[in-house]
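To start, the structure under review is shown below, and the notes come after it.
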Number of protein chains: 2
Amino acid sequence: MSKCEQCIIRQFNTLKALTKDELLRISDCKTSKIIKKGDLIFEEGEILNGVYCIKDGICKLSKLSANGKDQIVKLVVKGDLLGQRSVIGQEAANLSATALNDMEVCFIPKREILADLQKNNNFSMEVLRDMADDLKEADNIIVNMAQKSVKQRLAETLVYIYENFGSNDDGTLNIILSREDYASIVGTATESAIRVLSQFKKEGLISTSGKQIIIRDINGLKRVE
Amino acid sequence: MSKCEQCIIRQFNTLKALTKDELLRISDCKTSKIIKKGDLIFEEGEILNGVYCIKDGICKLSKLSANGKDQIVKLVVKGDLLGQRSVIGQEAANLSATALNDMEVCFIPKREILADLQKNNNFSMEVLRDMADDLKEADNIIVNMAQKSVKQRLAETLVYIYENFGSNDDGTLNIILSREDYASIVGTATESAIRVLSQFKKEGLISTSGKQIIIRDINGLKRVE
DNA sequence: CTAAAAGTATGATATTTGTCATGTTTTAAT
DNA sequence: ATTAAAACATGACAAATATCATACTTTTAG
């Protein structure tokens with residue numbers, strides 16, 4: 001079993017504030033899991049017994065709406081921590097987490113996290129800052145959802161993915177999403193998302209091959225109105 | 001100057017986790033302010049030097065979108081704390097706060113709050129829980145914005161205000177908002193909000209006299225599709 | 001390698017929501 | 001109490017988005 005003290009991943013999340021001793025303790029009780037593309041990590045309503053530290057892969061956080069459609073609220077990638085909110089609030093998960101490709105995660109029991117939050121103030125401040133940032137991000141999404149068109153939201157989503165999750169050598173986006181996923185991020189019908197992507201293609205902003213999307217004109221996408 | 005140790009308000013927010021000594025210190029450096037209806041408490045982009053504890057009154061947290069329209073993200077009432085996120089994140093305010101009626105607030109300097117967060121773990125845990133709750137709420141709003149119709153969102157807003165902020169003896173909602181404010185919560189055009197309210201009136205779900213709104217059929221509002 | 005399934009694409013049409021114009025009512029200041 | 005300004009209300013029309021139908025393409029499982 002690999003050791004947390006030597007794991008590079010923790011430098012990217014709030015666990016970086018833990019002491020050597022705390023890391024050793026967590027290392028002893030954590031469990032590693034492999035999660036396959038499409039599999040559920042946890043589901044809305046489920047009680048979480050700990051948090052997940054993502055060593056590799058990408059997943060979506062989504063919630064089922066009354067109309068039967070899934071809404072994606074956030075994309076979570078390598079280095080991020082999953083389930084912090086539910087563990088802190090001591091309540092059932094509000095969102096479902098689904099793997100978008102094969103993932104490797106470490107599960108850390110709730111009691112360890114809560115104990116460290118109580119004892120280590122650097123850690124709780126770090127978690128606080130992290131959550132403050134998530135909250136700001138969520139507020140911005142609310143404004144965008146309410147005030148921008150589907151076309152603008154989709155363009156911004158492409159820019160966001162390009163700038164935050166990068167692209168491969170051949171120019172394709174690192175994260176591969178279905179058109180349905182794009183619709184579910186933007187909050188629109190799948191057909192509408194497809195139509196807008198087709199339009200972007202015609203305008204030379206992107207090109208596609210299958211599910212792969214290549215950004216051709218990032219500034220053009222930023223200018224979409 | 002009134003004293004925090006004797007103030008009932010703090011029982012309703014995270015300040016309840018502070019010790020007597022901490023409260024005494026805060027009491028000594030806090031300042032009381034009266035804010036008139038319509039006045040700005042702070043504006044998006046402004047650096048906050050502390051947090052506001054709301055002793056009386058109601059305000060809206062909003063953000064200006066690129067299209068020039070204001071989007072209301074949250075309503076904040078007596079007992080709530082304002083500006084926690086900006087102070088913790090050590091960055092400019094992401095939202096503007098505007099009084100919806102005459103308000104009485106206490107301003108607590110940033111350094112006091114940050115010092116207490118460092119020292120008092122009960123307090124930081126309390127703030128953490130509070131923020132976790134805000135985040136959950138924000139995620140739910142995102143889903144509603146993306147997946148529900150203007151009519152549904154407006155009905156839910158009325159139910160929310162009725163259930164969380166109460167009504168007067170004559171049945172009118174405690175919080176009086178303009179049609180423009182309702183539009184700005186729901187994320188629609190003012191005319192659309194007016195039209196939907198008119199429809200609710202025709203259907204007997206609400207009645208109005210001027211800006212005042214009376215809920216006639218709360219269950220009917222909950223059933224709106 | 002191949003068939004079935006899943007995903008993508010696009011047209012036609014319906015519905016929802018936004019915009020502009022205009023008139024009425026309410027609110028607030030003198 | 002009076003009046004100007006603000007807020008509310010509604011019609012007509014335009015634009016954005018959803019829905020349904022259908023065909024094509026890519027991916028996946030055996």
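Numbering starts fresh at 1 for the residues of each chain in the structure tokens, the chains themselves are lettered A, B, ... in the order given, and ligands are numbered from 1 as they appear.
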Could you please write out, as a PyMOL selection string, every residue of chain A that DSSP assigns to strand (DSSP E)? chain A and resi 31-35+40-42+50-56+58-64+70-77+81-82+96-99+103-109+206-209+212-215
Restricting the output to C-alpha atoms, write the selected residues as an mmCIF file, in the first residue's frame.
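Once written, part_27.cif looks like this:
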```cif
data_model
loop_
_atom_site.group_PDB
_atom_site.id
_atom_site.type_symbol
_atom_site.label_atom_id
_atom_site.label_comp_id
_atom_site.auth_asym_id
_atom_site.auth_seq_id
_atom_site.Cartn_x
_atom_site.Cartn_y
_atom_site.Cartn_z
ATOM 1 C CA THR A 31 -8.064 2.223 1.406
ATOM 2 C CA SER A 32 -7.314 2.448 -2.306
ATOM 3 C CA LYS A 33 -10.023 1.863 -4.882
ATOM 4 C CA ILE A 34 -10.168 1.525 -8.622
ATOM 5 C CA ILE A 35 -13.376 2.881 -10.135
ATOM 6 C CA LEU A 40 -20.952 5.587 -9.311
ATOM 7 C CA ILE A 41 -18.611 6.611 -6.479
ATOM 8 C CA PHE A 42 -21.496 7.688 -4.294
ATOM 9 C CA GLY A 50 -15.354 9.393 4.631
ATOM 10 C CA VAL A 51 -13.827 11.476 1.868
ATOM 11 C CA TYR A 52 -12.201 10.444 -1.389
ATOM 12 C CA CYS A 53 -8.847 11.773 -2.511
ATOM 13 C CA ILE A 54 -8.581 11.485 -6.284
ATOM 14 C CA LYS A 55 -5.248 10.059 -7.368
ATOM 15 C CA ASP A 56 -6.184 9.775 -11.007
ATOM 16 C CA ILE A 58 -12.092 12.636 -13.557
ATOM 17 C CA CYS A 59 -15.630 12.527 -12.257
ATOM 18 C CA LYS A 60 -18.793 14.581 -12.372
ATOM 19 C CA LEU A 61 -20.905 15.769 -9.451
ATOM 20 C CA SER A 62 -24.546 15.849 -10.436
ATOM 21 C CA LYS A 63 -28.032 16.001 -9.041
ATOM 22 C CA LEU A 64 -31.264 14.572 -10.373
ATOM 23 C CA ASP A 70 -29.408 15.146 -14.356
ATOM 24 C CA GLN A 71 -27.688 18.459 -13.744
ATOM 25 C CA ILE A 72 -23.898 18.456 -13.525
ATOM 26 C CA VAL A 73 -22.766 20.913 -10.856
ATOM 27 C CA LYS A 74 -18.999 20.440 -10.903
ATOM 28 C CA LEU A 75 -16.215 18.468 -12.527
ATOM 29 C CA VAL A 76 -13.700 16.995 -10.113
ATOM 30 C CA VAL A 77 -10.215 15.916 -11.182
ATOM 31 C CA LEU A 81 -11.026 15.922 -2.523
ATOM 32 C CA LEU A 82 -14.545 14.526 -2.727
ATOM 33 C CA SER A 96 -23.956 11.988 -6.941
ATOM 34 C CA ALA A 97 -20.386 11.378 -8.085
ATOM 35 C CA THR A 98 -19.858 9.407 -11.305
ATOM 36 C CA ALA A 99 -16.520 8.487 -12.898
ATOM 37 C CA MET A 103 -10.243 6.422 -11.672
ATOM 38 C CA GLU A 104 -7.941 5.676 -8.800
ATOM 39 C CA VAL A 105 -9.064 7.083 -5.461
ATOM 40 C CA CYS A 106 -8.118 6.795 -1.800
ATOM 41 C CA PHE A 107 -10.874 6.552 0.771
ATOM 42 C CA ILE A 108 -10.179 8.221 4.125
ATOM 43 C CA PRO A 109 -12.582 7.435 7.003
ATOM 44 C CA ILE A 206 -14.003 24.213 -32.749
ATOM 45 C CA SER A 207 -13.676 21.040 -34.758
ATOM 46 C CA THR A 208 -14.729 17.555 -33.758
ATOM 47 C CA SER A 209 -14.037 13.946 -34.543
ATOM 48 C CA GLN A 212 -13.385 14.492 -29.309
ATOM 49 C CA ILE A 213 -13.441 18.265 -29.443
ATOM 50 C CA ILE A 214 -10.585 20.457 -30.632
ATOM 51 C CA ILE A 215 -10.532 24.132 -29.707
#
```
Can you move chain B onto chain A by a least-squares fit over all C-alpha atoms paired in order, then give me the moved copy as a PDB file with C-alpha atoms, in the first residue's frame?
```
ATOM      1  CA  MET B   1      -0.031  -0.021   0.088  1.00  0.00           C
ATOM      2  CA  SER B   2       1.372   3.387  -0.907  1.00  0.00           C
ATOM      3  CA  LYS B   3       1.973   5.968   1.786  1.00  0.00           C
ATOM      4  CA  CYS B   4       0.283   9.355   2.056  1.00  0.00           C
ATOM      5  CA  GLU B   5       3.513  11.050   3.262  1.00  0.00           C
ATOM      6  CA  GLN B   6       5.094  10.235  -0.081  1.00  0.00           C
ATOM      7  CA  CYS B   7       2.065  10.916  -2.208  1.00  0.00           C
ATOM      8  CA  ILE B   8       2.410  13.938  -4.463  1.00  0.00           C
ATOM      9  CA  ILE B   9      -1.327  14.318  -4.896  1.00  0.00           C
ATOM     10  CA  ARG B  10      -1.941  15.694  -1.435  1.00  0.00           C
ATOM     11  CA  GLN B  11       0.069  18.832  -2.304  1.00  0.00           C
ATOM     12  CA  PHE B  12      -2.853  19.831  -4.495  1.00  0.00           C
ATOM     13  CA  ASN B  13      -5.567  19.711  -1.864  1.00  0.00           C
ATOM     14  CA  THR B  14      -6.277  20.588   1.739  1.00  0.00           C
ATOM     15  CA  LEU B  15      -4.422  17.521   3.034  1.00  0.00           C
ATOM     16  CA  LYS B  16      -1.202  19.458   2.510  1.00  0.00           C
ATOM     17  CA  ALA B  17      -1.905  21.180   5.842  1.00  0.00           C
ATOM     18  CA  LEU B  18      -1.647  17.910   7.783  1.00  0.00           C
ATOM     19  CA  THR B  19       1.382  17.076   9.927  1.00  0.00           C
ATOM     20  CA  LYS B  20       3.616  14.036   9.376  1.00  0.00           C
ATOM     21  CA  ASP B  21       1.978  12.220  12.282  1.00  0.00           C
ATOM     22  CA  GLU B  22      -1.488  12.873  10.975  1.00  0.00           C
ATOM     23  CA  LEU B  23      -0.517  11.658   7.540  1.00  0.00           C
ATOM     24  CA  LEU B  24       0.941   8.473   8.990  1.00  0.00           C
ATOM     25  CA  ARG B  25      -2.290   7.776  10.824  1.00  0.00           C
ATOM     26  CA  ILE B  26      -4.345   8.382   7.706  1.00  0.00           C
ATOM     27  CA  SER B  27      -1.988   6.278   5.657  1.00  0.00           C
ATOM     28  CA  ASP B  28      -2.677   3.357   7.984  1.00  0.00           C
ATOM     29  CA  CYS B  29      -6.452   3.428   7.698  1.00  0.00           C
ATOM     30  CA  LYS B  30      -7.033   4.614   4.140  1.00  0.00           C
ATOM     31  CA  THR B  31      -8.077   2.203   1.411  1.00  0.00           C
ATOM     32  CA  SER B  32      -7.318   2.421  -2.292  1.00  0.00           C
ATOM     33  CA  LYS B  33     -10.029   1.839  -4.862  1.00  0.00           C
ATOM     34  CA  ILE B  34     -10.177   1.520  -8.611  1.00  0.00           C
ATOM     35  CA  ILE B  35     -13.368   2.881 -10.134  1.00  0.00           C
ATOM     36  CA  LYS B  36     -14.354   2.128 -13.706  1.00  0.00           C
ATOM     37  CA  LYS B  37     -15.605   4.659 -16.207  1.00  0.00           C
ATOM     38  CA  GLY B  38     -19.311   5.203 -15.752  1.00  0.00           C
ATOM     39  CA  ASP B  39     -19.418   3.766 -12.234  1.00  0.00           C
ATOM     40  CA  LEU B  40     -20.949   5.586  -9.327  1.00  0.00           C
ATOM     41  CA  ILE B  41     -18.613   6.617  -6.479  1.00  0.00           C
ATOM     42  CA  PHE B  42     -21.492   7.701  -4.290  1.00  0.00           C
ATOM     43  CA  GLU B  43     -25.073   8.672  -4.817  1.00  0.00           C
ATOM     44  CA  GLU B  44     -27.225  11.575  -3.735  1.00  0.00           C
ATOM     45  CA  GLY B  45     -28.849  10.717  -0.395  1.00  0.00           C
ATOM     46  CA  GLU B  46     -26.148   8.269   0.606  1.00  0.00           C
ATOM     47  CA  ILE B  47     -24.412   8.672   3.965  1.00  0.00           C
ATOM     48  CA  LEU B  48     -20.685   9.072   3.362  1.00  0.00           C
ATOM     49  CA  ASN B  49     -18.333   7.435   5.826  1.00  0.00           C
ATOM     50  CA  GLY B  50     -15.356   9.389   4.621  1.00  0.00           C
ATOM     51  CA  VAL B  51     -13.830  11.477   1.881  1.00  0.00           C
ATOM     52  CA  TYR B  52     -12.199  10.448  -1.390  1.00  0.00           C
ATOM     53  CA  CYS B  53      -8.830  11.760  -2.498  1.00  0.00           C
ATOM     54  CA  ILE B  54      -8.576  11.495  -6.276  1.00  0.00           C
ATOM     55  CA  LYS B  55      -5.242  10.049  -7.350  1.00  0.00           C
ATOM     56  CA  ASP B  56      -6.166   9.760 -10.992  1.00  0.00           C
ATOM     57  CA  GLY B  57      -9.118  10.291 -13.283  1.00  0.00           C
ATOM     58  CA  ILE B  58     -12.084  12.638 -13.554  1.00  0.00           C
ATOM     59  CA  CYS B  59     -15.620  12.512 -12.244  1.00  0.00           C
ATOM     60  CA  LYS B  60     -18.784  14.575 -12.380  1.00  0.00           C
ATOM     61  CA  LEU B  61     -20.883  15.769  -9.459  1.00  0.00           C
ATOM     62  CA  SER B  62     -24.532  15.855 -10.443  1.00  0.00           C
ATOM     63  CA  LYS B  63     -28.015  16.005  -9.036  1.00  0.00           C
ATOM     64  CA  LEU B  64     -31.247  14.598 -10.370  1.00  0.00           C
ATOM     65  CA  SER B  65     -33.888  17.256 -10.918  1.00  0.00           C
ATOM     66  CA  ALA B  66     -37.636  16.734 -10.496  1.00  0.00           C
ATOM     67  CA  ASN B  67     -38.010  16.676 -14.293  1.00  0.00           C
ATOM     68  CA  GLY B  68     -35.885  13.528 -14.437  1.00  0.00           C
ATOM     69  CA  LYS B  69     -32.821  15.195 -15.928  1.00  0.00           C
ATOM     70  CA  ASP B  70     -29.400  15.144 -14.353  1.00  0.00           C
ATOM     71  CA  GLN B  71     -27.672  18.462 -13.744  1.00  0.00           C
ATOM     72  CA  ILE B  72     -23.883  18.454 -13.526  1.00  0.00           C
ATOM     73  CA  VAL B  73     -22.757  20.908 -10.862  1.00  0.00           C
ATOM     74  CA  LYS B  74     -18.988  20.435 -10.911  1.00  0.00           C
ATOM     75  CA  LEU B  75     -16.207  18.461 -12.532  1.00  0.00           C
ATOM     76  CA  VAL B  76     -13.686  16.994 -10.104  1.00  0.00           C
ATOM     77  CA  VAL B  77     -10.202  15.911 -11.175  1.00  0.00           C
ATOM     78  CA  LYS B  78      -6.960  14.395  -9.989  1.00  0.00           C
ATOM     79  CA  GLY B  79      -5.838  16.123  -6.807  1.00  0.00           C
ATOM     80  CA  ASP B  80      -9.285  17.141  -5.640  1.00  0.00           C
ATOM     81  CA  LEU B  81     -11.018  15.918  -2.517  1.00  0.00           C
ATOM     82  CA  LEU B  82     -14.540  14.532  -2.725  1.00  0.00           C
ATOM     83  CA  GLY B  83     -17.234  14.455  -0.065  1.00  0.00           C
ATOM     84  CA  GLN B  84     -15.779  17.089   2.266  1.00  0.00           C
ATOM     85  CA  ARG B  85     -19.065  18.951   2.444  1.00  0.00           C
ATOM     86  CA  SER B  86     -21.174  15.959   3.445  1.00  0.00           C
ATOM     87  CA  VAL B  87     -18.695  14.835   6.078  1.00  0.00           C
ATOM     88  CA  ILE B  88     -18.470  18.300   7.633  1.00  0.00           C
ATOM     89  CA  GLY B  89     -22.205  18.895   7.538  1.00  0.00           C
ATOM     90  CA  GLN B  90     -22.740  15.385   8.948  1.00  0.00           C
ATOM     91  CA  GLU B  91     -25.529  14.749   6.486  1.00  0.00           C
ATOM     92  CA  ALA B  92     -26.369  12.723   3.400  1.00  0.00           C
ATOM     93  CA  ALA B  93     -24.638  13.557   0.124  1.00  0.00           C
ATOM     94  CA  ASN B  94     -26.468  16.220  -1.850  1.00  0.00           C
ATOM     95  CA  LEU B  95     -24.892  15.193  -5.146  1.00  0.00           C
ATOM     96  CA  SER B  96     -23.946  11.993  -6.950  1.00  0.00           C
ATOM     97  CA  ALA B  97     -20.365  11.382  -8.096  1.00  0.00           C
ATOM     98  CA  THR B  98     -19.839   9.400 -11.309  1.00  0.00           C
ATOM     99  CA  ALA B  99     -16.496   8.477 -12.894  1.00  0.00           C
ATOM    100  CA  LEU B 100     -16.003   9.935 -16.393  1.00  0.00           C
ATOM    101  CA  ASN B 101     -12.998   7.716 -16.998  1.00  0.00           C
ATOM    102  CA  ASP B 102     -11.179   5.026 -15.058  1.00  0.00           C
ATOM    103  CA  MET B 103     -10.221   6.402 -11.678  1.00  0.00           C
ATOM    104  CA  GLU B 104      -7.941   5.665  -8.778  1.00  0.00           C
ATOM    105  CA  VAL B 105      -9.078   7.084  -5.446  1.00  0.00           C
ATOM    106  CA  CYS B 106      -8.127   6.787  -1.783  1.00  0.00           C
ATOM    107  CA  PHE B 107     -10.882   6.542   0.773  1.00  0.00           C
ATOM    108  CA  ILE B 108     -10.191   8.225   4.130  1.00  0.00           C
ATOM    109  CA  PRO B 109     -12.589   7.439   6.997  1.00  0.00           C
ATOM    110  CA  LYS B 110     -14.718  10.259   8.323  1.00  0.00           C
ATOM    111  CA  ARG B 111     -13.467   9.996  11.909  1.00  0.00           C
ATOM    112  CA  GLU B 112      -9.895  10.718  10.813  1.00  0.00           C
ATOM    113  CA  ILE B 113     -10.902  13.824   8.916  1.00  0.00           C
ATOM    114  CA  LEU B 114     -13.128  15.104  11.690  1.00  0.00           C
ATOM    115  CA  ALA B 115     -10.435  14.435  14.301  1.00  0.00           C
ATOM    116  CA  ASP B 116      -7.867  16.362  12.306  1.00  0.00           C
ATOM    117  CA  LEU B 117     -10.289  19.226  11.768  1.00  0.00           C
ATOM    118  CA  GLN B 118     -10.712  19.446  15.533  1.00  0.00           C
ATOM    119  CA  LYS B 119      -7.026  19.319  16.342  1.00  0.00           C
ATOM    120  CA  ASN B 120      -5.180  20.944  13.472  1.00  0.00           C
ATOM    121  CA  ASN B 121      -6.199  24.519  12.892  1.00  0.00           C
ATOM    122  CA  ASN B 122      -4.082  24.921   9.794  1.00  0.00           C
ATOM    123  CA  PHE B 123      -6.052  22.081   8.267  1.00  0.00           C
ATOM    124  CA  SER B 124      -9.465  23.484   9.147  1.00  0.00           C
ATOM    125  CA  MET B 125      -8.412  26.900   7.813  1.00  0.00           C
ATOM    126  CA  GLU B 126      -7.309  25.250   4.602  1.00  0.00           C
ATOM    127  CA  VAL B 127     -10.642  23.433   4.254  1.00  0.00           C
ATOM    128  CA  LEU B 128     -12.411  26.690   5.034  1.00  0.00           C
ATOM    129  CA  ARG B 129     -10.560  28.482   2.256  1.00  0.00           C
ATOM    130  CA  ASP B 130     -11.283  25.644  -0.131  1.00  0.00           C
ATOM    131  CA  MET B 131     -14.972  25.737   0.636  1.00  0.00           C
ATOM    132  CA  ALA B 132     -15.062  29.544   0.394  1.00  0.00           C
ATOM    133  CA  ASP B 133     -13.658  29.162  -3.086  1.00  0.00           C
ATOM    134  CA  ASP B 134     -16.220  26.533  -4.051  1.00  0.00           C
ATOM    135  CA  LEU B 135     -18.973  28.792  -2.787  1.00  0.00           C
ATOM    136  CA  LYS B 136     -17.748  31.718  -4.854  1.00  0.00           C
ATOM    137  CA  GLU B 137     -17.594  29.477  -7.900  1.00  0.00           C
ATOM    138  CA  ALA B 138     -21.127  28.212  -7.257  1.00  0.00           C
ATOM    139  CA  ASP B 139     -22.455  31.768  -6.951  1.00  0.00           C
ATOM    140  CA  ASN B 140     -20.893  32.631 -10.285  1.00  0.00           C
ATOM    141  CA  ILE B 141     -22.520  29.620 -11.911  1.00  0.00           C
ATOM    142  CA  ILE B 142     -25.898  30.720 -10.570  1.00  0.00           C
ATOM    143  CA  VAL B 143     -25.451  34.119 -12.203  1.00  0.00           C
ATOM    144  CA  ASN B 144     -24.418  32.555 -15.506  1.00  0.00           C
ATOM    145  CA  MET B 145     -27.299  30.086 -15.493  1.00  0.00           C
ATOM    146  CA  ALA B 146     -29.758  32.862 -14.841  1.00  0.00           C
ATOM    147  CA  GLN B 147     -28.439  35.527 -17.165  1.00  0.00           C
ATOM    148  CA  LYS B 148     -26.645  33.946 -20.097  1.00  0.00           C
ATOM    149  CA  SER B 149     -27.861  32.123 -23.184  1.00  0.00           C
ATOM    150  CA  VAL B 150     -27.253  28.447 -23.881  1.00  0.00           C
ATOM    151  CA  LYS B 151     -24.732  29.455 -26.543  1.00  0.00           C
ATOM    152  CA  GLN B 152     -22.764  31.609 -24.109  1.00  0.00           C
ATOM    153  CA  ARG B 153     -22.848  28.995 -21.378  1.00  0.00           C
ATOM    154  CA  LEU B 154     -21.636  26.286 -23.727  1.00  0.00           C
ATOM    155  CA  ALA B 155     -18.838  28.487 -25.063  1.00  0.00           C
ATOM    156  CA  GLU B 156     -17.761  29.278 -21.508  1.00  0.00           C
ATOM    157  CA  THR B 157     -17.851  25.602 -20.590  1.00  0.00           C
ATOM    158  CA  LEU B 158     -15.508  24.775 -23.462  1.00  0.00           C
ATOM    159  CA  VAL B 159     -13.153  27.585 -22.446  1.00  0.00           C
ATOM    160  CA  TYR B 160     -13.267  26.429 -18.819  1.00  0.00           C
ATOM    161  CA  ILE B 161     -12.414  22.848 -19.700  1.00  0.00           C
ATOM    162  CA  TYR B 162      -9.678  23.944 -22.084  1.00  0.00           C
ATOM    163  CA  GLU B 163      -8.052  26.291 -19.579  1.00  0.00           C
ATOM    164  CA  ASN B 164      -8.435  24.158 -16.471  1.00  0.00           C
ATOM    165  CA  PHE B 165      -8.008  20.602 -17.710  1.00  0.00           C
ATOM    166  CA  GLY B 166      -5.834  21.196 -20.751  1.00  0.00           C
ATOM    167  CA  SER B 167      -5.540  19.532 -24.123  1.00  0.00           C
ATOM    168  CA  ASN B 168      -3.498  16.771 -25.732  1.00  0.00           C
ATOM    169  CA  ASP B 169      -0.779  17.176 -28.342  1.00  0.00           C
ATOM    170  CA  ASP B 170      -3.261  16.765 -31.178  1.00  0.00           C
ATOM    171  CA  GLY B 171      -5.325  19.617 -29.744  1.00  0.00           C
ATOM    172  CA  THR B 172      -8.179  17.507 -28.424  1.00  0.00           C
ATOM    173  CA  LEU B 173      -9.553  18.382 -25.014  1.00  0.00           C
ATOM    174  CA  ASN B 174      -8.168  16.259 -22.196  1.00  0.00           C
ATOM    175  CA  ILE B 175     -11.621  15.602 -20.830  1.00  0.00           C
ATOM    176  CA  ILE B 176     -13.961  13.731 -23.143  1.00  0.00           C
ATOM    177  CA  LEU B 177     -17.616  14.341 -22.479  1.00  0.00           C
ATOM    178  CA  SER B 178     -20.683  13.137 -24.324  1.00  0.00           C
ATOM    179  CA  ARG B 179     -23.017  15.724 -25.857  1.00  0.00           C
ATOM    180  CA  GLU B 180     -25.457  14.714 -23.156  1.00  0.00           C
ATOM    181  CA  ASP B 181     -22.883  15.629 -20.497  1.00  0.00           C
ATOM    182  CA  TYR B 182     -22.322  19.022 -22.107  1.00  0.00           C
ATOM    183  CA  ALA B 183     -26.084  19.572 -22.131  1.00  0.00           C
ATOM    184  CA  SER B 184     -26.184  18.556 -18.499  1.00  0.00           C
ATOM    185  CA  ILE B 185     -23.491  21.056 -17.519  1.00  0.00           C
ATOM    186  CA  VAL B 186     -25.078  23.887 -19.453  1.00  0.00           C
ATOM    187  CA  GLY B 187     -28.603  22.976 -18.390  1.00  0.00           C
ATOM    188  CA  THR B 188     -30.240  22.468 -21.749  1.00  0.00           C
ATOM    189  CA  ALA B 189     -31.639  19.698 -23.961  1.00  0.00           C
ATOM    190  CA  THR B 190     -29.115  17.349 -25.546  1.00  0.00           C
ATOM    191  CA  GLU B 191     -30.334  18.336 -29.010  1.00  0.00           C
ATOM    192  CA  SER B 192     -29.790  22.010 -28.211  1.00  0.00           C
ATOM    193  CA  ALA B 193     -26.223  21.347 -27.082  1.00  0.00           C
ATOM    194  CA  ILE B 194     -25.572  19.383 -30.289  1.00  0.00           C
ATOM    195  CA  ARG B 195     -26.993  22.194 -32.403  1.00  0.00           C
ATOM    196  CA  VAL B 196     -24.845  24.838 -30.737  1.00  0.00           C
ATOM    197  CA  LEU B 197     -21.712  22.701 -31.101  1.00  0.00           C
ATOM    198  CA  SER B 198     -22.547  22.257 -34.788  1.00  0.00           C
ATOM    199  CA  GLN B 199     -22.835  26.013 -35.121  1.00  0.00           C
ATOM    200  CA  PHE B 200     -19.465  26.527 -33.389  1.00  0.00           C
ATOM    201  CA  LYS B 201     -18.036  24.051 -35.863  1.00  0.00           C
ATOM    202  CA  LYS B 202     -19.457  25.962 -38.834  1.00  0.00           C
ATOM    203  CA  GLU B 203     -18.040  29.194 -37.414  1.00  0.00           C
ATOM    204  CA  GLY B 204     -14.586  27.623 -37.086  1.00  0.00           C
ATOM    205  CA  LEU B 205     -14.472  27.969 -33.308  1.00  0.00           C
ATOM    206  CA  ILE B 206     -14.029  24.249 -32.768  1.00  0.00           C
ATOM    207  CA  SER B 207     -13.690  21.069 -34.772  1.00  0.00           C
ATOM    208  CA  THR B 208     -14.727  17.588 -33.794  1.00  0.00           C
ATOM    209  CA  SER B 209     -14.013  13.975 -34.591  1.00  0.00           C
ATOM    210  CA  GLY B 210     -16.412  11.710 -32.809  1.00  0.00           C
ATOM    211  CA  LYS B 211     -16.712  12.715 -29.204  1.00  0.00           C
ATOM    212  CA  GLN B 212     -13.362  14.502 -29.344  1.00  0.00           C
ATOM    213  CA  ILE B 213     -13.438  18.282 -29.473  1.00  0.00           C
ATOM    214  CA  ILE B 214     -10.594  20.495 -30.651  1.00  0.00           C
ATOM    215  CA  ILE B 215     -10.553  24.169 -29.718  1.00  0.00           C
ATOM    216  CA  ARG B 216      -9.683  26.152 -32.855  1.00  0.00           C
ATOM    217  CA  ASP B 217     -10.323  29.704 -31.725  1.00  0.00           C
ATOM    218  CA  ILE B 218     -10.272  30.186 -27.959  1.00  0.00           C
ATOM    219  CA  ASN B 219     -10.638  33.963 -28.234  1.00  0.00           C
ATOM    220  CA  GLY B 220     -13.564  33.546 -30.582  1.00  0.00           C
ATOM    221  CA  LEU B 221     -15.229  31.321 -27.985  1.00  0.00           C
ATOM    222  CA  LYS B 222     -14.633  33.942 -25.328  1.00  0.00           C
ATOM    223  CA  ARG B 223     -16.335  36.526 -27.532  1.00  0.00           C
ATOM    224  CA  VAL B 224     -19.511  34.484 -28.155  1.00  0.00           C
ATOM    225  CA  GLU B 225     -22.658  36.448 -27.285  1.00  0.00           C
TER     226      GLU B 225
END
```
May I have the residues of chain C within 12 Å of chain A, counting only C-alpha atoms (C1' of nucleotides), written as a list of chain:residue names?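 In the required form, that comes to C:DA6, C:DG7, C:DT8, C:DA9, C:DT10, C:DG11, C:DT17, C:DG18.
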Considering only C-alpha atoms (C1' of nucleotides), extract the chain D residues located within 9 Å of chain B and return them as a list in words.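 Those within range of chain B come out as DA7, DC8, DA9 and DT10 of chain D.
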For the residues selected in the previous step, produce a file with N, CA and C atoms (P, O5', C5', C4', C3', O3' and C1' of nucleotides) as a compact mmCIF listing (two decimals), in the first residue's frame.
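What follows is the written file part.txt:
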```txt
# COMPACT_ATOMS: atom_id res chain seq x y z
P DA D 7 -38.61 51.77 -8.72
O5' DA D 7 -40.00 51.01 -8.86
C5' DA D 7 -40.94 51.11 -7.80
C4' DA D 7 -42.26 50.54 -8.28
C3' DA D 7 -42.15 49.14 -8.89
O3' DA D 7 -43.04 48.30 -8.18
C1' DA D 7 -43.46 50.56 -10.24
P DC D 8 -43.21 46.78 -8.54
O5' DC D 8 -44.54 46.78 -9.43
C5' DC D 8 -45.75 47.24 -8.85
C4' DC D 8 -46.84 47.22 -9.89
C3' DC D 8 -47.10 45.86 -10.53
O3' DC D 8 -48.47 45.53 -10.32
C1' DC D 8 -46.97 47.57 -12.17
P DA D 9 -49.04 44.11 -10.80
O5' DA D 9 -49.49 44.41 -12.29
C5' DA D 9 -50.59 45.28 -12.51
C4' DA D 9 -50.86 45.33 -14.00
C3' DA D 9 -50.91 43.97 -14.69
O3' DA D 9 -52.25 43.77 -15.11
C1' DA D 9 -49.67 45.59 -15.95
P DT D 10 -52.75 42.43 -15.77
O5' DT D 10 -52.54 42.68 -17.33
C5' DT D 10 -53.13 43.83 -17.92
C4' DT D 10 -52.69 43.93 -19.36
C3' DT D 10 -52.60 42.59 -20.10
O3' DT D 10 -53.30 42.71 -21.31
C1' DT D 10 -50.67 43.85 -20.48
```
